[in-house]
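Asks: What follows is query12.tsv, made up of TSV, C-alpha atoms:
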```tsv
chain	number	residue	atom	x	y	z
A	1	MET	CA	84.14	121.89	113.54
A	2	SER	CA	84.23	118.10	113.72
A	3	THR	CA	86.63	116.32	116.06
A	4	THR	CA	88.82	113.66	114.48
A	5	TYR	CA	89.02	110.29	116.18
A	6	PRO	CA	92.41	110.23	117.97
A	7	PHE	CA	95.16	108.19	116.34
A	8	THR	CA	96.29	106.85	119.71
A	9	ALA	CA	92.78	105.62	120.51
A	10	VAL	CA	92.76	103.14	117.63
A	11	VAL	CA	92.76	99.61	119.05
A	12	GLY	CA	95.32	97.17	117.65
A	13	MET	CA	96.31	97.61	113.99
A	14	ALA	CA	99.96	97.86	115.02
A	15	ASP	CA	101.41	97.33	111.52
A	16	MET	CA	99.20	100.01	109.97
A	17	ARG	CA	99.97	102.53	112.68
A	18	LEU	CA	103.70	101.79	112.44
A	19	GLY	CA	103.70	102.20	108.66
A	20	LEU	CA	101.96	105.56	108.92
A	21	LEU	CA	104.24	106.79	111.70
A	22	LEU	CA	107.39	105.79	109.79
A	23	ASN	CA	106.20	107.84	106.80
A	24	ALA	CA	105.29	110.74	109.07
A	25	ILE	CA	108.88	110.74	110.34
A	26	SER	CA	110.47	110.20	106.92
A	27	PRO	CA	108.22	110.99	103.93
A	28	ALA	CA	111.13	109.88	101.73
A	29	ILE	CA	110.01	106.31	102.42
A	30	GLY	CA	107.46	106.92	99.69
A	31	GLY	CA	104.04	106.60	101.28
A	32	VAL	CA	102.01	103.64	102.43
A	33	LEU	CA	99.29	101.46	100.94
A	34	VAL	CA	96.89	99.87	103.44
A	35	ARG	CA	95.06	96.77	102.25
A	36	GLY	CA	92.21	95.29	104.24
A	37	ASP	CA	88.52	94.51	104.52
A	38	LYS	CA	85.88	97.09	105.41
A	39	GLY	CA	85.58	97.90	109.07
A	40	THR	CA	89.29	97.72	109.87
A	41	ALA	CA	89.65	101.42	110.79
A	42	LYS	CA	91.78	102.24	107.74
A	43	THR	CA	90.27	105.66	107.03
A	44	THR	CA	89.86	106.52	110.72
A	45	THR	CA	93.53	105.84	111.40
A	46	VAL	CA	94.78	107.78	108.38
A	47	ARG	CA	92.71	110.82	109.30
A	48	GLY	CA	93.95	110.65	112.87
A	49	LEU	CA	97.56	110.79	111.68
A	50	THR	CA	97.19	114.31	110.31
A	51	ALA	CA	96.70	115.82	113.76
A	52	LEU	CA	100.10	114.42	114.80
A	53	LEU	CA	102.13	115.93	111.96
A	54	PRO	CA	104.27	119.00	112.65
A	55	GLY	CA	103.05	122.28	111.22
A	56	VAL	CA	104.69	123.87	108.19
A	57	ALA	CA	105.87	127.42	107.60
A	58	VAL	CA	104.40	128.97	104.44
A	59	VAL	CA	104.87	132.15	102.42
A	60	PRO	CA	101.95	134.44	103.33
A	61	GLY	CA	99.28	134.49	100.63
A	62	CYS	CA	100.84	131.71	98.56
A	63	ARG	CA	98.18	129.23	97.38
A	64	PHE	CA	100.87	126.61	96.80
A	65	SER	CA	102.29	126.46	100.35
A	66	CYS	CA	105.78	127.56	99.40
A	67	ASP	CA	108.43	127.15	102.09
A	68	PRO	CA	109.67	130.66	103.02
A	69	ALA	CA	113.19	129.30	103.52
A	70	ALA	CA	113.31	127.80	100.02
A	71	PRO	CA	110.39	129.01	97.88
A	72	ASP	CA	109.65	127.34	94.56
A	73	PRO	CA	111.28	129.54	91.88
A	74	GLN	CA	108.53	128.56	89.42
A	75	CYS	CA	105.60	129.06	91.79
A	76	PRO	CA	102.59	130.53	89.91
A	77	ASP	CA	102.07	132.92	92.85
A	78	GLY	CA	105.75	133.93	92.82
A	79	PRO	CA	108.36	134.96	92.54
A	80	HIS	CA	108.98	134.84	96.29
A	81	GLU	CA	112.18	136.12	97.79
A	82	SER	CA	114.08	133.59	99.88
A	83	GLY	CA	113.19	134.26	103.49
A	84	ALA	CA	110.06	136.14	102.42
A	85	GLY	CA	107.96	134.30	104.96
A	86	GLU	CA	110.26	134.93	107.89
A	87	THR	CA	108.42	138.05	108.97
A	88	GLU	CA	105.79	138.97	111.50
A	89	ALA	CA	103.17	138.30	108.82
A	90	SER	CA	104.29	134.72	108.33
A	91	GLY	CA	102.97	131.82	110.30
A	92	THR	CA	102.92	128.09	110.68
A	93	ARG	CA	99.80	126.23	109.64
A	94	GLY	CA	98.84	122.73	110.56
A	95	ALA	CA	99.64	119.89	108.19
A	96	LYS	CA	96.90	119.26	105.65
A	97	MET	CA	95.35	115.98	104.58
A	98	VAL	CA	93.70	116.25	101.18
A	99	GLU	CA	91.32	113.48	100.12
A	100	LEU	CA	91.13	112.52	96.46
A	101	PRO	CA	87.70	111.09	95.55
A	102	VAL	CA	87.87	108.21	93.09
A	103	GLY	CA	85.32	109.97	90.88
A	104	ALA	CA	87.13	113.33	90.72
A	105	SER	CA	87.75	115.01	87.38
A	106	GLU	CA	91.27	115.58	86.09
A	107	ASP	CA	90.85	119.36	86.53
A	108	ARG	CA	89.89	118.78	90.17
A	109	LEU	CA	93.16	116.91	90.68
A	110	VAL	CA	95.69	118.96	88.72
A	111	GLY	CA	93.92	122.33	88.57
A	112	ALA	CA	92.17	124.32	85.85
A	113	LEU	CA	93.41	126.98	83.45
A	114	ASP	CA	91.16	129.82	82.30
A	115	ILE	CA	92.15	129.65	78.63
A	116	GLU	CA	89.95	132.56	77.55
A	117	ARG	CA	91.56	134.91	80.05
A	118	ALA	CA	95.03	133.56	79.30
A	119	LEU	CA	94.61	134.26	75.58
A	120	SER	CA	92.78	137.59	75.91
A	121	GLU	CA	94.71	139.13	78.81
A	122	GLY	CA	98.01	137.30	78.52
A	123	VAL	CA	97.91	136.08	82.13
A	124	LYS	CA	98.01	132.51	83.39
A	125	ALA	CA	94.72	132.37	85.29
A	126	PHE	CA	95.11	129.13	87.20
A	127	GLU	CA	92.83	127.57	89.79
A	128	PRO	CA	94.89	125.14	91.91
A	129	GLY	CA	93.72	121.55	92.28
A	130	LEU	CA	94.15	118.87	94.90
A	131	LEU	CA	97.81	118.27	94.00
A	132	ALA	CA	98.55	121.88	94.94
A	133	ALA	CA	96.54	121.65	98.15
A	134	ALA	CA	98.41	118.48	99.18
A	135	HIS	CA	101.88	119.99	98.69
A	136	ARG	CA	103.91	119.50	101.91
A	137	GLY	CA	101.03	117.52	103.40
A	138	VAL	CA	99.19	114.23	102.95
A	139	LEU	CA	97.31	113.10	99.85
A	140	TYR	CA	94.87	110.37	100.84
A	141	VAL	CA	93.09	108.14	98.35
A	142	ASP	CA	90.43	105.81	99.71
A	143	GLU	CA	89.60	102.89	97.42
A	144	VAL	CA	92.75	103.75	95.47
A	145	ASN	CA	92.36	100.57	93.40
A	146	LEU	CA	89.19	102.06	91.87
A	147	LEU	CA	90.89	105.27	90.75
A	148	GLY	CA	90.39	106.09	87.06
A	149	ASP	CA	93.32	105.72	84.69
A	150	HIS	CA	93.36	109.45	83.87
A	151	LEU	CA	93.81	110.26	87.57
A	152	VAL	CA	96.37	107.50	88.10
A	153	ASP	CA	98.56	108.87	85.29
A	154	ALA	CA	98.49	112.41	86.73
A	155	LEU	CA	99.16	111.10	90.23
A	156	LEU	CA	102.09	109.00	89.02
A	157	ASP	CA	103.66	111.97	87.25
A	158	ALA	CA	103.42	114.19	90.33
A	159	ALA	CA	104.65	111.49	92.70
A	160	ALA	CA	107.65	110.75	90.47
A	161	THR	CA	108.70	114.33	89.70
A	162	GLY	CA	107.53	116.26	92.76
A	163	ALA	CA	105.71	118.69	90.48
A	164	SER	CA	102.42	119.04	88.63
A	165	TYR	CA	102.08	120.34	85.08
A	166	VAL	CA	98.93	121.64	83.42
A	167	GLU	CA	98.94	122.33	79.68
A	168	ARG	CA	95.96	123.63	77.73
A	169	GLU	CA	95.99	125.18	74.22
A	170	GLY	CA	99.70	125.97	74.36
A	171	VAL	CA	99.52	127.53	77.83
A	172	SER	CA	101.30	125.68	80.64
A	173	VAL	CA	101.58	126.04	84.41
A	174	ARG	CA	103.93	124.14	86.70
A	175	HIS	CA	103.99	124.05	90.50
A	176	ALA	CA	105.68	121.96	93.18
A	177	SER	CA	103.68	118.99	94.48
A	178	ARG	CA	105.47	116.86	97.04
A	179	PHE	CA	103.26	114.95	99.41
A	180	LEU	CA	102.96	111.87	101.58
A	181	LEU	CA	100.84	109.48	99.52
A	182	VAL	CA	98.51	107.24	101.54
A	183	GLY	CA	96.12	104.83	99.89
A	184	THR	CA	93.61	102.38	101.32
A	185	MET	CA	91.82	99.59	99.50
A	186	ASN	CA	89.73	96.46	99.88
A	187	PRO	CA	91.39	93.70	97.80
A	188	GLU	CA	87.99	92.11	97.22
A	189	GLU	CA	87.09	95.09	95.02
A	190	GLY	CA	90.01	94.63	92.63
A	191	GLU	CA	93.79	94.96	92.58
A	192	LEU	CA	95.93	98.02	92.05
A	193	ARG	CA	97.67	98.88	88.79
A	194	PRO	CA	101.32	97.73	89.06
A	195	GLN	CA	102.60	101.20	88.10
A	196	LEU	CA	100.75	102.81	91.01
A	197	LEU	CA	101.61	100.01	93.41
A	198	ASP	CA	105.30	100.70	92.74
A	199	ARG	CA	104.87	104.29	93.95
A	200	PHE	CA	104.14	103.19	97.52
A	201	GLY	CA	107.18	102.64	99.70
A	202	LEU	CA	105.33	100.37	102.12
A	203	THR	CA	102.35	98.04	101.87
A	204	VAL	CA	100.50	96.98	105.01
A	205	GLU	CA	97.89	94.23	105.34
A	206	VAL	CA	95.23	94.74	108.01
A	207	ALA	CA	92.53	92.40	109.28
A	208	ALA	CA	89.84	92.64	111.94
A	209	SER	CA	90.91	91.25	115.29
A	210	ARG	CA	89.46	87.91	116.38
A	211	ASP	CA	90.22	88.59	120.04
A	212	THR	CA	86.96	89.06	121.93
A	213	ASP	CA	88.30	91.54	124.47
A	214	GLU	CA	89.88	93.65	121.74
A	215	ARG	CA	86.69	93.73	119.68
A	216	VAL	CA	84.70	94.75	122.77
A	217	GLU	CA	87.15	97.58	123.42
A	218	VAL	CA	86.81	98.77	119.80
A	219	VAL	CA	83.02	99.03	120.22
A	220	ARG	CA	83.30	100.65	123.65
A	221	ARG	CA	85.62	103.38	122.41
A	222	ARG	CA	83.58	104.04	119.30
A	223	LEU	CA	80.38	104.43	121.30
A	224	ALA	CA	82.14	106.82	123.68
A	225	TYR	CA	83.42	108.88	120.74
A	226	ASP	CA	80.02	109.02	119.03
A	227	GLU	CA	78.38	110.13	122.28
A	228	ASP	CA	80.75	113.03	122.94
A	229	PRO	CA	83.61	113.49	120.44
A	230	ALA	CA	85.14	116.47	122.27
A	231	ALA	CA	85.23	114.71	125.63
A	232	PHE	CA	86.66	111.56	124.06
A	233	ALA	CA	89.39	113.56	122.30
A	234	ALA	CA	90.22	115.37	125.55
A	235	LYS	CA	90.68	112.01	127.28
A	236	TRP	CA	93.36	111.08	124.74
A	237	ALA	CA	94.94	114.54	124.44
A	238	ALA	CA	97.95	113.71	126.61
A	239	GLU	CA	98.85	110.62	124.59
A	240	GLU	CA	98.31	112.51	121.34
A	241	GLY	CA	100.59	115.30	122.51
A	242	ALA	CA	103.31	112.90	123.62
A	243	LEU	CA	103.28	111.08	120.28
A	244	ARG	CA	103.29	114.38	118.38
A	245	GLU	CA	106.41	115.43	120.27
A	246	ARG	CA	108.09	112.09	119.60
A	247	ILE	CA	107.46	112.44	115.87
A	248	ALA	CA	108.91	115.95	115.82
A	249	ALA	CA	111.95	114.90	117.86
A	250	THR	CA	112.58	111.86	115.68
A	251	ARG	CA	112.33	113.97	112.53
A	252	ALA	CA	114.99	116.28	113.96
A	253	LEU	CA	117.29	113.34	114.76
A	254	LEU	CA	116.84	111.58	111.42
A	255	PRO	CA	119.49	113.55	109.44
A	256	SER	CA	122.15	112.48	111.95
A	257	VAL	CA	121.34	108.76	111.70
A	258	ARG	CA	124.06	106.75	109.96
A	259	LEU	CA	123.68	103.10	109.05
A	260	GLY	CA	126.71	100.88	108.82
A	261	ASP	CA	127.29	98.35	106.06
A	262	GLY	CA	126.16	95.55	108.34
A	263	ALA	CA	122.84	97.20	109.28
```
Write the structure described by the file as structure tokens, please.

Replies:
Amino acid sequence: MSTTYPFTAVVGMADMRLGLLLNAISPAIGGVLVRGDKGTAKTTTVRGLTALLPGVAVVPGCRFSCDPAAPDPQCPDGPHESGAGETEASGTRGAKMVELPVGASEDRLVGALDIERALSEGVKAFEPGLLAAAHRGVLYVDEVNLLGDHLVDALLDAAATGASYVEREGVSVRHASRFLLVGTMNPEEGELRPQLLDRFGLTVEVAASRDTDERVEVVRRRLAYDEDPAAFAAKWAAEEGALRERIAATRALLPSVRLGDGA
């Protein structure tokens, strides 16, 4: 099992880290788009965020990560009784980060229906896609500006409605799909479609540091990680744990926050 580079070990990049942390605390912000040149630790930082996210309770055996306290009434693996996961068999799994490759097929994103079985046996044989896997987690798109139009349209629909629909030959399946959308891109490779750009709550610009000491520290830490990932992660475990606790505590406080008219 590979060891992810710790989020807290990333040097600099304060705006990017803040944007990601704000969305981790309040996914309602609407995700974050990170724009910057290659070599600015965009992907490394995004992957490191996942280890800091609180775990989620799921209905046992549900492929769509239904919340046992409020299961999706239209879940293809349902129906689930409310509170069905609050048993000894239930558990909390770590938050997932699902990566969407720019060259993925539409079926890979939204899922695939076995039409032959649906017509012959009268059952909705559905293989979940990446939108199902990302539900209640993070959907990460590297080089999001290069994403094909057919994938952009499906992604926009899910991001706007919180659900994914698959229709083939008169057979349809719907499942919940609410996720934190994170995209990274290099502006030199082309701009993002305006419709998709509007789906991101925050946009962050990143650039490589010109400070010599900071650049030296970036190289030093990367060499240490490549030499012994487990030892490097252990060195940062305390800071990772402290930040994880701060995120969880802030999430718990968020519903009680009230902003005045002058805020």

Asks: Just want the 12 Å neighbourhood of Ala208 of chain A, counted on all atoms listed in the file, with same-chain residues fewer than 2 positions away dropped. Output as a list in words.

Replies: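 That gives Val11, Gly12, Met13, Ala14, Arg35, Gly36, Asp37, Lys38, Gly39, Thr40, Ala41, Lys42, Glu205, Val206, Arg210, Asp211, Thr212, Glu214, Arg215 and Val218 of chain A.
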
Asks: Can you pull out the residues contacting Thr184 of chain A? Cut-off 6 Å, using all atoms listed in the file, and skip same-chain residues under 3 positions away; I want them as a PyMOL selection string.

Replies: chain A and resi 33-35+142-143

Asks: Excluding same-chain residues fewer than 2 positions from Ala9 of chain A, what lies within 9 Å of it counting only C-alpha atoms, as an mmCIF file with C-alpha atoms, in the coordinates of the input?

Replies:
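Result file is result20.cif:
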```cif
data_model
loop_
_atom_site.group_PDB
_atom_site.id
_atom_site.type_symbol
_atom_site.label_atom_id
_atom_site.label_comp_id
_atom_site.auth_asym_id
_atom_site.auth_seq_id
_atom_site.Cartn_x
_atom_site.Cartn_y
_atom_site.Cartn_z
ATOM 1 C CA TYR A 5 89.020 110.290 116.180
ATOM 2 C CA PRO A 6 92.410 110.230 117.970
ATOM 3 C CA PHE A 7 95.160 108.190 116.340
ATOM 4 C CA VAL A 11 92.760 99.610 119.050
ATOM 5 C CA ARG A 221 85.620 103.380 122.410
ATOM 6 C CA ALA A 233 89.390 113.560 122.300
ATOM 7 C CA TRP A 236 93.360 111.080 124.740
ATOM 8 C CA GLU A 239 98.850 110.620 124.590
ATOM 9 C CA GLU A 240 98.310 112.510 121.340
#
```

Asks: Measuring atom to atom with all atoms listed in the file, identify which of A:Leu180, A:Val166, A:Val102, A:Leu139 is nearest to Ala125 of chain A.

Replies: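 Of all the options, A:Val166 lies closest to Ala125 of chain A.
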
Asks: Using only C-alpha atoms, which protein or nucleic acid residues come within 9 Å of segment 50-64 of chain A? Drop anything in the same chain fewer than 3 positions from it, and give the result as number ranges by chain.

Replies: A: 4, 6-7, 24-25, 46-47, 67-69, 71, 75-78, 80, 83-86, 89-97, 128, 132-138, 175-177, 240-241, 243-245, 247-248

Asks: For Arg168 of chain A, which of A:Asp72, A:Glu99, A:Asp198, A:Asp107 is the closest residue, counting all atoms listed in the file?

Replies: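 Of A:Asp72, A:Glu99, A:Asp198, A:Asp107, the one nearest Arg168 of chain A is A:Asp107, counting all atoms listed in the file.
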
Asks: Quick one: distance from atom CA of Asn23 of chain A to atom CA of Ala163 of chain A in Å, one decimal?

Replies: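 Those two atoms sit 19.6 Å apart.
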
Asks: At a cut-off of 8 Å, using all atoms listed in the file, what residues contact segment 192-195 of chain A? Leave out same-chain residues fewer than 6 positions from it and give the result as JSON, numbers by chain.

Replies: {"A": [144, 145, 146, 156]}

Asks: Given the choices A:Arg17, A:Arg174, A:Leu109, A:Asp149, which gets closest to Thr161 of chain A if the distance is worked out from only C-alpha atoms?

Replies: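 Using only C-alpha atoms, the shortest distance to Thr161 of chain A belongs to A:Arg174.
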
Asks: In Å, with one decimal, what is the gap from atom CA of Leu147 of chain A to atom CA of Met16 of chain A?

Replies: 21.6 Å

Asks: Calculate how many Å separate atom CA of Leu100 of chain A from atom CA of Tyr140 of chain A, rounding to one decimal.

Replies: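 A separation of 6.1 Å between them.
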
Asks: Could you work out an axis-aligned box for segment 176-184 of chain A, taking every atom the file lists and adding 5 Å on each side, and report centre and edge lengths in Å to one decimal, as AutoDock Vina command-line options?

Replies:
```
--center_x 99.6 --center_y 112.2 --center_z 97.4 --size_x 22.1 --size_y 29.6 --size_z 18.4
```
